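K.L.:
Before we start, here is the structure in question, set down as structure tokens.
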There are 4 protein chains.
Amino acid sequence: MSTPPRLHSGHLPFQGRYTEEALSGRRSWIAEQTGVDLSALGGGPPPASAIEGNIENHVGYVQIPVGVAGPLRIDGEFAQGTFFVPLATTEGALVASASRGARAITESGGARVRVISDQMMRSPSFIFRSLVDSVAFASWVRNEESAIRAIAESQTRHGRLLSCEPTVLGDTVCLLMSYDTGDAYGANMVMRCNWAVCNYIVSAFPAQSGREILDHYVDSNMGAEKKISFFTYTTSMRGKRVVAEAKLDRSVTKSVLRTTPEDLFEAFVAGITPTAAAGSMGVNVNFSNVVAAIFAACGQDIATVPESAQGQLNFRLESDGLYFGCLMPNIVVGTVGGGTALPAQSAALDMMGCKGTGGAKKLAEIVCATCLALDLSTFSAICSDHFVRAHEKLGRNRPKTGPLGLPPQV
Amino acid sequence: MSTPPRLHSGHLPFQGRYTEEALSGRRSWIAEQTGVDLSALGGGPPPASAIEGNIENHVGYVQIPVGVAGPLRIDGEFAQGTFFVPLATTEGALVASASRGARAITESGGARVRVISDQMMRSPSFIFRSLVDSVAFASWVRNEESAIRAIAESQTRHGRLLSCEPTVLGDTVCLLMSYDTGDAYGANMVMRCNWAVCNYIVSAFPAQSGREILDHYVDSNMGAEKKISFFTYTTSMRGKRVVAEAKLDRSVTKSVLRTTPEDLFEAFVAGITPTAAAGSMGVNVNFSNVVAAIFAACGQDIATVPESAQGQLNFRLESDGLYFGCLMPNIVVGTVGGGTALPAQSAALDMMGCKGTGGAKKLAEIVCATCLALDLSTFSAICSDHFVRAHEKLGRNRPKTGPLGLPPQV
Amino acid sequence: MSTPPRLHSGHLPFQGRYTEEALSGRRSWIAEQTGVDLSALGGGPPPASAIEGNIENHVGYVQIPVGVAGPLRIDGEFAQGTFFVPLATTEGALVASASRGARAITESGGARVRVISDQMMRSPSFIFRSLVDSVAFASWVRNEESAIRAIAESQTRHGRLLSCEPTVLGDTVCLLMSYDTGDAYGANMVMRCNWAVCNYIVSAFPAQSGREILDHYVDSNMGAEKKISFFTYTTSMRGKRVVAEAKLDRSVTKSVLRTTPEDLFEAFVAGITPTAAAGSMGVNVNFSNVVAAIFAACGQDIATVPESAQGQLNFRLESDGLYFGCLMPNIVVGTVGGGTALPAQSAALDMMGCKGTGGAKKLAEIVCATCLALDLSTFSAICSDHFVRAHEKLGRNRPKTGPLGLPPQV
Amino acid sequence: MSTPPRLHSGHLPFQGRYTEEALSGRRSWIAEQTGVDLSALGGGPPPASAIEGNIENHVGYVQIPVGVAGPLRIDGEFAQGTFFVPLATTEGALVASASRGARAITESGGARVRVISDQMMRSPSFIFRSLVDSVAFASWVRNEESAIRAIAESQTRHGRLLSCEPTVLGDTVCLLMSYDTGDAYGANMVMRCNWAVCNYIVSAFPAQSGREILDHYVDSNMGAEKKISFFTYTTSMRGKRVVAEAKLDRSVTKSVLRTTPEDLFEAFVAGITPTAAAGSMGVNVNFSNVVAAIFAACGQDIATVPESAQGQLNFRLESDGLYFGCLMPNIVVGTVGGGTALPAQSAALDMMGCKGTGGAKKLAEIVCATCLALDLSTFSAICSDHFVRAHEKLGRNRPKTGPLGLPPQV
């Protein structure tokens, strides 16, 4: 975790201008604010040699524009201070909307965030002739836990096996192997460890028990890596489970968001019915926009966006404003390995003080807080767009909703 | 649709080398094979002015490496020929694995693909004092369909309103507004059209019926944009519903995939139990890897990866090989608008002949076929890794599984 | 539909007494109120001959006690008036709680209910060598719709084929065959019709197209009969989609439910977060209690409780009270066939005027309104049980919550 | 657990006859086979006084016919021997079909069954001003576990608190309170214990921590009692998680089921695609039929059918026959309390030796094995109905499928 947080002041210069001068001016300003060298974001490819291990059949690069949302004040366990958040996207209005939400949160005192749990689970499966064998295997595994841990952890310097839980599905037993992977995403680390564990098991169990393992797979689908499953959604077995919240002042709601706590709350409640009717996983508006954009900017594996972007909002109307919070059960991030060492990606991480060791939980907190900011802004755009009561709206022309354009990019 | 497909011959040069010379050599080779100028993939930022409309608070660029998977032979309605598929990723082994699957498919005769349906749905909601009013509203909307269509289509040159279905949820009615958005993703187009429709409805319905609309929202969550919902998953109301298949020769299974049709089929069946036990949406291994990588390379909205990457595999063992296919219900792609006009992204689309008008369904077919290729390779990696029967494996050391490394990056 | 609704007056006698006299006295009183002979509820088995067609290996009977919930005032399209609802259950407090909810609704003016749609879908599947054939088959089926309808409807006097929609899943095509089954549940009718349609298709399609059907199944799992699927949940393709609502007076909330509109609303909102976190289908408390009890009392197929009991609540706080409503997408009921002709079951249907032809939609409306009543009461029990604010509750002993006992049977 | 299992011999007499003599003759025969007095199944209501605690507003009884499926040979941990299973239903063919499946299993050596886990979870929720408080509360609860256990267990003679896991959802913390409820369903026991725990917590936590609890609910929806949730589905936190399996002989498949292992397996695989496409929970055909019928016969709470009937099948083709098994994650049964003491219900439990203390896990094993039997028979009906290959079926008339009628009641 390289950079101490700073308080940011002033405003991003050259707003709304798309010239080289404006671009480099904004970059310099952010660099100054954050104390980080951002020249790697200026364009130009990394040296080809830096790519080894990240891709095969390498033919070039795609440049995705990066904008900064913020400043966003965060009071987390790991992320403390005011942050500019790099978002790589080509969807107009996204950065502006996230920034508006960030402003509302920051002016209301900031977002509180906490990482509740953190683990990376993948699951090998073992198939037996009969459930009699699979039940015996589950017992055996429980007794072998320390041996299994030793084997797993022999394959990694940084990872720790948190638990190895056998789940009997009939003739099949899935082992839920959960690891602390430190600051790495850890999918490959976990795979390597599980591989060694499987090799041990397929040798030791038959030898010790006299029972046969018909088949085994080093990865069953029970871990649901990069996929949608309610198991990982409800148990947070993959990635960081993070909660965030803010208390929105009534005056800020008006000045920044052009709406009221009551309208926001009403919009939240009104959304429950359609969300449930659609058979949705969780309740949110567009966490995916933030997750995808931060992941692309910061060298994360964007194939994990489907699981990482899940989550639910929670609004509560209070007498003096609006409580709004969110739960994101499976944020899969790393700050070492993967694409994090590439120059631009490294600079993007550095902009938030998340580069390298110690950065992963901090990054997860920032992701969650930024999702909260964007959803707040989007909800506000929806609210300022609705007609509250028929008798209130006679003759009213639609007001402009400001910098987010018309109609709002919900 | 700019480029006619060509037959590819020979092999990508400089395999496994990470030098500038190898990089540009491979790029030139692909350029020659595809007849497309790929210099925009060479690195270097686009002019700042080109970014307008794609991002705010622009401070720079992130470079994501692009590799090509293929050649992949596709027999689609729109994609016909042999393709190299650009994948932007930092996950090592992904491109190699997709290429291996592509080779197996191509050597077996190619993948057949079809777009089954294509629409972009978003859903405004209207809230009434009582279900008596909401039921009356649903009837009124059905009678107003032609008026609503005229208003919606007045907001767009290219879009067509396909249907406007009222769904009564109690006091709330969601209108499922489905559009043909041509070659654009179309989220903003649909929003603009729905906005105009809402303005009409909140004026006309009360006036004509004497009934009150308490509230309305231009976007309820019933459309589940960029989110996970079973409604869109089961009905394919967002994006392109695409199916792909291939028939894998026994000999190719051996030579390319180092496994057998029987082992692949057995692995598929063995995966059903863990997949169902996890409460998964669909049955696949890692479609998300391909979807995220093509989307990043081609200027798609990577925030739509969660819905686009859903899907299910289907294996069938035949006497002379293996049938394997997949269904992807919601591939959200566009070849105009969004980030598709940026230089590198445009070149990536061009590499497949998908740039511009006429390219969206072709791109969807290629995405689906490439997902099939990757999942085939990953399944094979899992298979060659398992111990089929205890009595077959005595004393066996794990064989190397070739270019994908050990253990396989499942 | 045998009996006109009546207004009920007075109170059920012998409350809380469990003697033969009290039992027959209450039965007589209900019989008098409803104008229906309820002697068949008195006990004693039906003649053995009456059982033919309902069961095999018949060895006797189980007696499930029946209580009446109500009076419940309903303003439906089919159910109009004030009803006593027979509930067969052995779960203490259920009838009392439903009755309390019914009283609150009735004193507030009654429940409005509507059947939004009504169909019974089952789905055969057809498997082809390639998706090229399956796509061709889908086109062929669309052209054959009138022939298919004629064949289907030749198998039934009462049923009508509403739609026959081919869904391409790759090499597999499921036909979504939706029927109007009148007042019957209709599962067997639909099966018989689909059987005939399958026989036609497997003969006609190959002959006309020269394409092969590899396999077909008269019932695939796409229809999800008696099971949980989001497809039927979100599209209401099985049974009756029904919505109900009531507007609860503030004073009634206090006098009958011992709580306030604000507390009820707050409890509803507070429940969203845990409900979503659990990955629930819909949002309700205990619809299943009512559905199971009415189904058992009225000769319905209790194996359809899983799909029939799904649904979601919707609360809205208004200045003068509480709006609360619900949506139940798949209520599977019939008033002819199945167990409806058995003496006690027939009397139970008759008690609500739902016996025989014309009764099914009326029964569905009553089921939905009674679910609303029970959930209202249960929510109230939860509310009167919570401590709203720490400073309000100092020194407070838990008050008794009346006839529902302590703690409430949520 | 009252009755030792016996081996059954001979056949149920008077097959297919619906006379009083046949009815009592079959009942006597089963009584003799099982050594249990079944006269309570003969009809006639229980004494009114027996109903107290089971229902309010009691007006009479509904008689549901009971048939016996079996004999079914079961090799469980608790259920060992050959069983006749009482099914209360009015759905013709259900008992016959389950019996056919039972015969196939029994002739193949019986079904192996095991209870993997057993707990009853309900979840109170606590709401805080901020996640800072909710995180502190979660820590506090973990430290208070022994105090909480003592309080919970002071409310019950038989129940034990297995775990009390705080789940932080933001400002809300749900406590997952899991109990061993012995042979009772235990919903009320758990509620009473949780009530006491809540009373302790709302007093002790604020006093000890100086932090405020804004609200609490003795039952949040996180426990999903009687509802559908993936949390309970994937974690088996409610009721008994049970697995069953059988190995079907090739010859029995032919003689009893009129199909082949290959056709059954193929039908299973063919069902995966439609099941997944429908967004189904689990993979089964009609577990709900068996669960509802046993629950009604045995005095279980039929409102728990939605959770209890969930589950998934698993087929594996072996050289000499078919392995088929199932997992049912949440079978909610009790053999004391509820309706289990009513005369007919008690006799039904007694028929299987499941009455009273020690019977609940045995009953769960029998439920699971009977579900396996019915689904096997239904799959066979589907299989014998399909046309395997076009060239094999020319000129073939549909064969009768025997006692299950035509078309099969799938």
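Chain identifiers are assigned as A, B, and so on, following the order in which chains appear in the structure tokens; residues are numbered from 1 within each chain, and ligands are numbered from 1 in order of appearance.
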If the cut-off is 7 Å, can you tell me the residues of chain C near chain A, counting only C-alpha atoms? I'd like them as a list in words.
P.N.:
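Using only C-alpha atoms, chain C residues at most 7 Å from chain A: Phe230, Thr234, Thr273, Ala276, Ala277, Ala278, Gly279, Met281, Gly282 and Asn314 of chain C.
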K.L.:
Take the residues just selected and output them with all heavy atoms as a PDB file, in the first residue's frame.
P.N.:
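Output below, filename again.pdb:
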```pdb
ATOM      1  N   PHE C 230     -37.860 -20.083 -12.424  1.00  0.00           N
ATOM      2  CA  PHE C 230     -38.055 -18.658 -12.635  1.00  0.00           C
ATOM      3  C   PHE C 230     -38.789 -18.379 -13.934  1.00  0.00           C
ATOM      4  O   PHE C 230     -39.389 -17.321 -14.091  1.00  0.00           O
ATOM      5  CB  PHE C 230     -36.704 -17.929 -12.601  1.00  0.00           C
ATOM      6  CG  PHE C 230     -36.220 -17.681 -11.216  1.00  0.00           C
ATOM      7  CD1 PHE C 230     -35.289 -18.506 -10.624  1.00  0.00           C
ATOM      8  CD2 PHE C 230     -36.728 -16.625 -10.480  1.00  0.00           C
ATOM      9  CE1 PHE C 230     -34.846 -18.270  -9.329  1.00  0.00           C
ATOM     10  CE2 PHE C 230     -36.289 -16.385  -9.188  1.00  0.00           C
ATOM     11  CZ  PHE C 230     -35.354 -17.208  -8.607  1.00  0.00           C
ATOM     12  N   THR C 234     -41.708 -15.811 -13.556  1.00  0.00           N
ATOM     13  CA  THR C 234     -41.695 -14.468 -14.150  1.00  0.00           C
ATOM     14  C   THR C 234     -42.712 -14.309 -15.276  1.00  0.00           C
ATOM     15  O   THR C 234     -43.127 -13.199 -15.575  1.00  0.00           O
ATOM     16  CB  THR C 234     -40.292 -14.092 -14.693  1.00  0.00           C
ATOM     17  OG1 THR C 234     -39.912 -15.035 -15.689  1.00  0.00           O
ATOM     18  CG2 THR C 234     -39.264 -14.089 -13.580  1.00  0.00           C
ATOM     19  N   THR C 273     -33.974  -6.381   2.773  1.00  0.00           N
ATOM     20  CA  THR C 273     -32.551  -6.707   2.817  1.00  0.00           C
ATOM     21  C   THR C 273     -32.316  -8.191   3.107  1.00  0.00           C
ATOM     22  O   THR C 273     -31.614  -8.866   2.338  1.00  0.00           O
ATOM     23  CB  THR C 273     -31.835  -5.788   3.829  1.00  0.00           C
ATOM     24  OG1 THR C 273     -31.928  -4.442   3.362  1.00  0.00           O
ATOM     25  CG2 THR C 273     -30.373  -6.159   3.985  1.00  0.00           C
ATOM     26  N   ALA C 276     -33.574 -10.376   0.060  1.00  0.00           N
ATOM     27  CA  ALA C 276     -32.681 -10.353  -1.100  1.00  0.00           C
ATOM     28  C   ALA C 276     -31.379 -11.095  -0.802  1.00  0.00           C
ATOM     29  O   ALA C 276     -30.856 -11.814  -1.649  1.00  0.00           O
ATOM     30  CB  ALA C 276     -32.396  -8.907  -1.519  1.00  0.00           C
ATOM     31  N   ALA C 277     -30.877 -10.928   0.421  1.00  0.00           N
ATOM     32  CA  ALA C 277     -29.619 -11.584   0.777  1.00  0.00           C
ATOM     33  C   ALA C 277     -29.739 -13.097   0.767  1.00  0.00           C
ATOM     34  O   ALA C 277     -28.751 -13.807   0.574  1.00  0.00           O
ATOM     35  CB  ALA C 277     -29.146 -11.110   2.151  1.00  0.00           C
ATOM     36  N   ALA C 278     -30.955 -13.580   0.998  1.00  0.00           N
ATOM     37  CA  ALA C 278     -31.167 -15.031   1.005  1.00  0.00           C
ATOM     38  C   ALA C 278     -31.362 -15.600  -0.396  1.00  0.00           C
ATOM     39  O   ALA C 278     -31.514 -16.804  -0.557  1.00  0.00           O
ATOM     40  CB  ALA C 278     -32.369 -15.387   1.876  1.00  0.00           C
ATOM     41  N   GLY C 279     -31.376 -14.755  -1.409  1.00  0.00           N
ATOM     42  CA  GLY C 279     -31.640 -15.263  -2.755  1.00  0.00           C
ATOM     43  C   GLY C 279     -33.026 -15.861  -2.852  1.00  0.00           C
ATOM     44  O   GLY C 279     -33.215 -16.944  -3.366  1.00  0.00           O
ATOM     45  N   MET C 281     -37.031 -16.260  -3.918  1.00  0.00           N
ATOM     46  CA  MET C 281     -37.949 -16.034  -5.019  1.00  0.00           C
ATOM     47  C   MET C 281     -39.142 -15.276  -4.449  1.00  0.00           C
ATOM     48  O   MET C 281     -39.892 -15.796  -3.627  1.00  0.00           O
ATOM     49  CB  MET C 281     -38.394 -17.381  -5.584  1.00  0.00           C
ATOM     50  CG  MET C 281     -39.432 -17.263  -6.681  1.00  0.00           C
ATOM     51  SD  MET C 281     -39.939 -18.889  -7.306  1.00  0.00           S
ATOM     52  CE  MET C 281     -38.774 -19.130  -8.627  1.00  0.00           C
ATOM     53  N   GLY C 282     -39.299 -14.037  -4.893  1.00  0.00           N
ATOM     54  CA  GLY C 282     -40.402 -13.236  -4.386  1.00  0.00           C
ATOM     55  C   GLY C 282     -40.190 -12.770  -2.960  1.00  0.00           C
ATOM     56  O   GLY C 282     -39.196 -13.089  -2.312  1.00  0.00           O
ATOM     57  N   ASN C 314     -46.323  -6.023  -1.584  1.00  0.00           N
ATOM     58  CA  ASN C 314     -46.041  -4.654  -1.984  1.00  0.00           C
ATOM     59  C   ASN C 314     -46.752  -3.726  -1.005  1.00  0.00           C
ATOM     60  O   ASN C 314     -47.979  -3.748  -0.918  1.00  0.00           O
ATOM     61  CB  ASN C 314     -46.570  -4.448  -3.412  1.00  0.00           C
ATOM     62  CG  ASN C 314     -46.420  -3.033  -3.901  1.00  0.00           C
ATOM     63  OD1 ASN C 314     -45.578  -2.302  -3.413  1.00  0.00           O
ATOM     64  ND2 ASN C 314     -47.257  -2.651  -4.841  1.00  0.00           N
TER      65      ASN C 314
END
```
K.L.:
Please list as a list in words every residue within 7 Å of Ile213 in chain D, counting only C-alpha atoms and excluding residues in the same chain fewer than 5 positions away.
P.N.:
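Here the qualifying residues turn out to be Ala390 of chain C; Phe126, Ile127, Phe128, Val202 and Pro206 of chain D.
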K.L.:
So which bits of range 180-392 of chain C end up alpha helix (DSSP H) when you DSSP the backbone, as a VMD selection string?
P.N.:
chain C and resid 187 to 209 230 to 235 250 to 255 261 to 277 287 to 297 305 to 308 343 to 351 360 to 384
K.L.:
Looking at only C-alpha atoms, which of C:Gln345, C:Ser308, C:Asn188, C:Ser384 is the one that sits closest to Thr260 in chain C?
P.N.:
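Answer, going by the shortest atom-to-atom distance: C:Ser384.
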K.L.:
Quick one: everything within 8 Å of Val85 in chain A, counting only C-alpha atoms, minus sequence neighbours fewer than 2 positions away in the same chain. Send it as a short mmCIF file (atom, residue, chain, number, x, y, z; two decimals) with N, CA, C and O atoms, in the first residue's frame.
P.N.:
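This went into out.cif:
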```cif
data_model
loop_
_atom_site.label_atom_id
_atom_site.label_comp_id
_atom_site.auth_asym_id
_atom_site.auth_seq_id
_atom_site.Cartn_x
_atom_site.Cartn_y
_atom_site.Cartn_z
N VAL A 68 -11.61 10.15 -14.15
CA VAL A 68 -11.59 9.99 -12.69
C VAL A 68 -12.91 10.46 -12.10
O VAL A 68 -13.42 11.54 -12.41
N ALA A 69 -13.46 9.61 -11.26
CA ALA A 69 -14.64 9.99 -10.49
C ALA A 69 -14.16 10.43 -9.12
O ALA A 69 -13.25 9.84 -8.54
N GLY A 70 -14.79 11.46 -8.63
CA GLY A 70 -14.43 11.91 -7.31
C GLY A 70 -14.27 13.41 -7.30
O GLY A 70 -14.60 14.08 -8.28
N PRO A 71 -13.79 13.95 -6.20
CA PRO A 71 -13.27 13.26 -5.01
C PRO A 71 -14.39 12.57 -4.21
O PRO A 71 -15.50 13.08 -4.14
N LEU A 72 -14.02 11.43 -3.67
CA LEU A 72 -14.95 10.64 -2.86
C LEU A 72 -14.32 10.38 -1.49
O LEU A 72 -13.26 9.75 -1.41
N PHE A 83 -10.60 10.17 -2.23
CA PHE A 83 -10.02 9.44 -3.36
C PHE A 83 -10.55 9.93 -4.70
O PHE A 83 -11.71 10.34 -4.82
N LEU A 87 -11.72 5.29 -13.75
CA LEU A 87 -12.72 4.46 -14.42
C LEU A 87 -12.38 4.37 -15.90
O LEU A 87 -12.31 5.39 -16.58
N ILE A 294 -13.62 0.18 -13.04
CA ILE A 294 -12.44 0.12 -12.16
C ILE A 294 -11.59 -1.10 -12.51
O ILE A 294 -10.37 -1.03 -12.57
N MET A 351 -2.88 5.64 -8.03
CA MET A 351 -3.69 6.86 -7.84
C MET A 351 -4.54 6.76 -6.57
O MET A 351 -4.86 7.76 -5.95
N MET A 352 -4.90 5.52 -6.21
CA MET A 352 -5.72 5.33 -5.01
C MET A 352 -4.90 4.78 -3.85
O MET A 352 -5.45 4.44 -2.81
N ILE A 366 -12.91 0.70 -1.91
CA ILE A 366 -13.14 1.81 -2.85
C ILE A 366 -14.15 1.42 -3.91
O ILE A 366 -15.02 2.20 -4.30
N THR A 370 -17.67 3.41 -4.43
CA THR A 370 -17.95 4.05 -5.72
C THR A 370 -19.24 3.51 -6.33
O THR A 370 -19.99 4.24 -6.98
#
```
K.L.:
Would you work out the distance separating CA of Phe137 in chain A from CA of Val332 in chain D, expressed in Å to one decimal?
P.N.:
26.0 Å
K.L.:
Name the residues in contact with Val132 in chain A at a cut-off of 10 Å, using only C-alpha atoms, excluding same-chain residues fewer than 2 positions from it; report them as a list in words.
P.N.:
Phe128, Arg129, Ser130, Ser134, Val135, Ala136, Phe137, Gly170, Asp171 and Arg211 of chain A; Gly76, Arg112, Val113, Arg114, Ala244 and Glu245 of chain D
K.L.:
Include C-alpha atoms and write out the residues we just selected as a compact mmCIF listing (two decimals), in the first residue's frame.
P.N.:
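The resulting file, out.txt, is reproduced below:
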```txt
# COMPACT_ATOMS: atom_id res chain seq x y z
CA PHE A 128 -17.76 -42.56 -5.85
CA ARG A 129 -19.50 -45.75 -6.63
CA SER A 130 -22.02 -45.20 -3.86
CA SER A 134 -18.96 -40.56 -0.39
CA VAL A 135 -20.14 -40.27 3.21
CA ALA A 136 -17.06 -42.14 4.35
CA PHE A 137 -14.92 -39.83 2.25
CA GLY A 170 -24.87 -38.10 -3.41
CA ASP A 171 -22.19 -40.08 -5.20
CA ARG A 211 -12.66 -47.46 -1.18
CA GLY D 76 -30.66 -46.26 5.43
CA ARG D 112 -29.38 -46.61 0.04
CA VAL D 113 -30.19 -43.43 1.97
CA ARG D 114 -28.36 -41.19 4.39
CA ALA D 244 -30.55 -41.55 -1.78
CA GLU D 245 -29.42 -43.83 -4.56
```
K.L.:
Restricting the calculation to only C-alpha atoms: of D:Ala96, D:Val115, D:Ala150, D:Ala104, which residue gets closest to Leu322 in chain D?
P.N.:
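Comparing D:Ala96, D:Val115, D:Ala150, D:Ala104 against Leu322 in chain D, the winner is D:Ala104.
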K.L.:
I want to know what sits within 7 Å of Lys247 in chain B, based on only C-alpha atoms, with residues of the same chain fewer than 2 positions away left out; could you give that as a PDB file with all heavy atoms, in the first residue's frame?
P.N.:
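Result written to selection-v4.pdb:
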```pdb
ATOM      1  N   SER B 108     -12.539 -29.971 -37.043  1.00  0.00           N
ATOM      2  CA  SER B 108     -13.706 -30.856 -37.105  1.00  0.00           C
ATOM      3  C   SER B 108     -14.765 -30.330 -38.064  1.00  0.00           C
ATOM      4  O   SER B 108     -15.850 -30.890 -38.166  1.00  0.00           O
ATOM      5  CB  SER B 108     -14.312 -31.023 -35.708  1.00  0.00           C
ATOM      6  OG  SER B 108     -13.457 -31.729 -34.842  1.00  0.00           O
ATOM      7  N   GLU B 245     -22.890 -24.640 -32.161  1.00  0.00           N
ATOM      8  CA  GLU B 245     -22.645 -26.072 -31.975  1.00  0.00           C
ATOM      9  C   GLU B 245     -21.470 -26.493 -32.839  1.00  0.00           C
ATOM     10  O   GLU B 245     -21.095 -25.813 -33.796  1.00  0.00           O
ATOM     11  CB  GLU B 245     -23.877 -26.899 -32.377  1.00  0.00           C
ATOM     12  CG  GLU B 245     -24.135 -26.888 -33.869  1.00  0.00           C
ATOM     13  CD  GLU B 245     -25.370 -27.661 -34.301  1.00  0.00           C
ATOM     14  OE1 GLU B 245     -26.178 -28.046 -33.436  1.00  0.00           O
ATOM     15  OE2 GLU B 245     -25.540 -27.845 -35.533  1.00  0.00           O
ATOM     16  N   ASP B 249     -14.688 -34.469 -33.990  1.00  0.00           N
ATOM     17  CA  ASP B 249     -14.168 -35.771 -34.421  1.00  0.00           C
ATOM     18  C   ASP B 249     -13.398 -36.447 -33.291  1.00  0.00           C
ATOM     19  O   ASP B 249     -12.690 -35.801 -32.527  1.00  0.00           O
ATOM     20  CB  ASP B 249     -13.187 -35.584 -35.593  1.00  0.00           C
ATOM     21  CG  ASP B 249     -13.906 -35.256 -36.872  1.00  0.00           C
ATOM     22  OD1 ASP B 249     -15.137 -35.436 -36.930  1.00  0.00           O
ATOM     23  OD2 ASP B 249     -13.231 -34.795 -37.805  1.00  0.00           O
ATOM     24  N   GLY B 321     -18.196 -39.411 -32.371  1.00  0.00           N
ATOM     25  CA  GLY B 321     -17.629 -38.178 -31.842  1.00  0.00           C
ATOM     26  C   GLY B 321     -18.551 -37.535 -30.832  1.00  0.00           C
ATOM     27  O   GLY B 321     -19.406 -38.189 -30.236  1.00  0.00           O
ATOM     28  N   LEU B 322     -18.353 -36.261 -30.642  1.00  0.00           N
ATOM     29  CA  LEU B 322     -19.092 -35.545 -29.611  1.00  0.00           C
ATOM     30  C   LEU B 322     -19.796 -34.339 -30.221  1.00  0.00           C
ATOM     31  O   LEU B 322     -19.178 -33.519 -30.893  1.00  0.00           O
ATOM     32  CB  LEU B 322     -18.124 -35.058 -28.527  1.00  0.00           C
ATOM     33  CG  LEU B 322     -18.744 -34.331 -27.344  1.00  0.00           C
ATOM     34  CD1 LEU B 322     -19.451 -35.316 -26.431  1.00  0.00           C
ATOM     35  CD2 LEU B 322     -17.682 -33.556 -26.569  1.00  0.00           C
ATOM     36  N   TYR B 323     -21.105 -34.253 -29.961  1.00  0.00           N
ATOM     37  CA  TYR B 323     -21.835 -33.025 -30.265  1.00  0.00           C
ATOM     38  C   TYR B 323     -21.718 -32.121 -29.059  1.00  0.00           C
ATOM     39  O   TYR B 323     -21.975 -32.543 -27.935  1.00  0.00           O
ATOM     40  CB  TYR B 323     -23.313 -33.349 -30.520  1.00  0.00           C
ATOM     41  CG  TYR B 323     -24.173 -32.114 -30.646  1.00  0.00           C
ATOM     42  CD1 TYR B 323     -24.487 -31.587 -31.897  1.00  0.00           C
ATOM     43  CD2 TYR B 323     -24.684 -31.482 -29.521  1.00  0.00           C
ATOM     44  CE1 TYR B 323     -25.276 -30.449 -32.013  1.00  0.00           C
ATOM     45  CE2 TYR B 323     -25.464 -30.341 -29.625  1.00  0.00           C
ATOM     46  CZ  TYR B 323     -25.751 -29.833 -30.875  1.00  0.00           C
ATOM     47  OH  TYR B 323     -26.527 -28.696 -30.988  1.00  0.00           O
ATOM     48  N   PHE B 324     -21.335 -30.887 -29.270  1.00  0.00           N
ATOM     49  CA  PHE B 324     -21.412 -29.950 -28.148  1.00  0.00           C
ATOM     50  C   PHE B 324     -21.884 -28.603 -28.657  1.00  0.00           C
ATOM     51  O   PHE B 324     -21.500 -28.144 -29.736  1.00  0.00           O
ATOM     52  CB  PHE B 324     -20.088 -29.832 -27.389  1.00  0.00           C
ATOM     53  CG  PHE B 324     -18.965 -29.319 -28.217  1.00  0.00           C
ATOM     54  CD1 PHE B 324     -18.545 -28.009 -28.104  1.00  0.00           C
ATOM     55  CD2 PHE B 324     -18.316 -30.148 -29.107  1.00  0.00           C
ATOM     56  CE1 PHE B 324     -17.503 -27.535 -28.885  1.00  0.00           C
ATOM     57  CE2 PHE B 324     -17.277 -29.684 -29.884  1.00  0.00           C
ATOM     58  CZ  PHE B 324     -16.868 -28.373 -29.777  1.00  0.00           C
TER      59      PHE B 324
END
```
K.L.:
Out of range 157-205 of chain A, which residues get strand (DSSP E or B) from DSSP, as a list in words?
P.N.:
Arg160, Leu161, Leu162, Ser163, Cys164, Glu165, Pro166, Thr167, Val168, Thr172, Val173, Cys174, Leu175, Leu176, Met177, Ser178, Tyr179, Asp180 and Ala184 of chain A
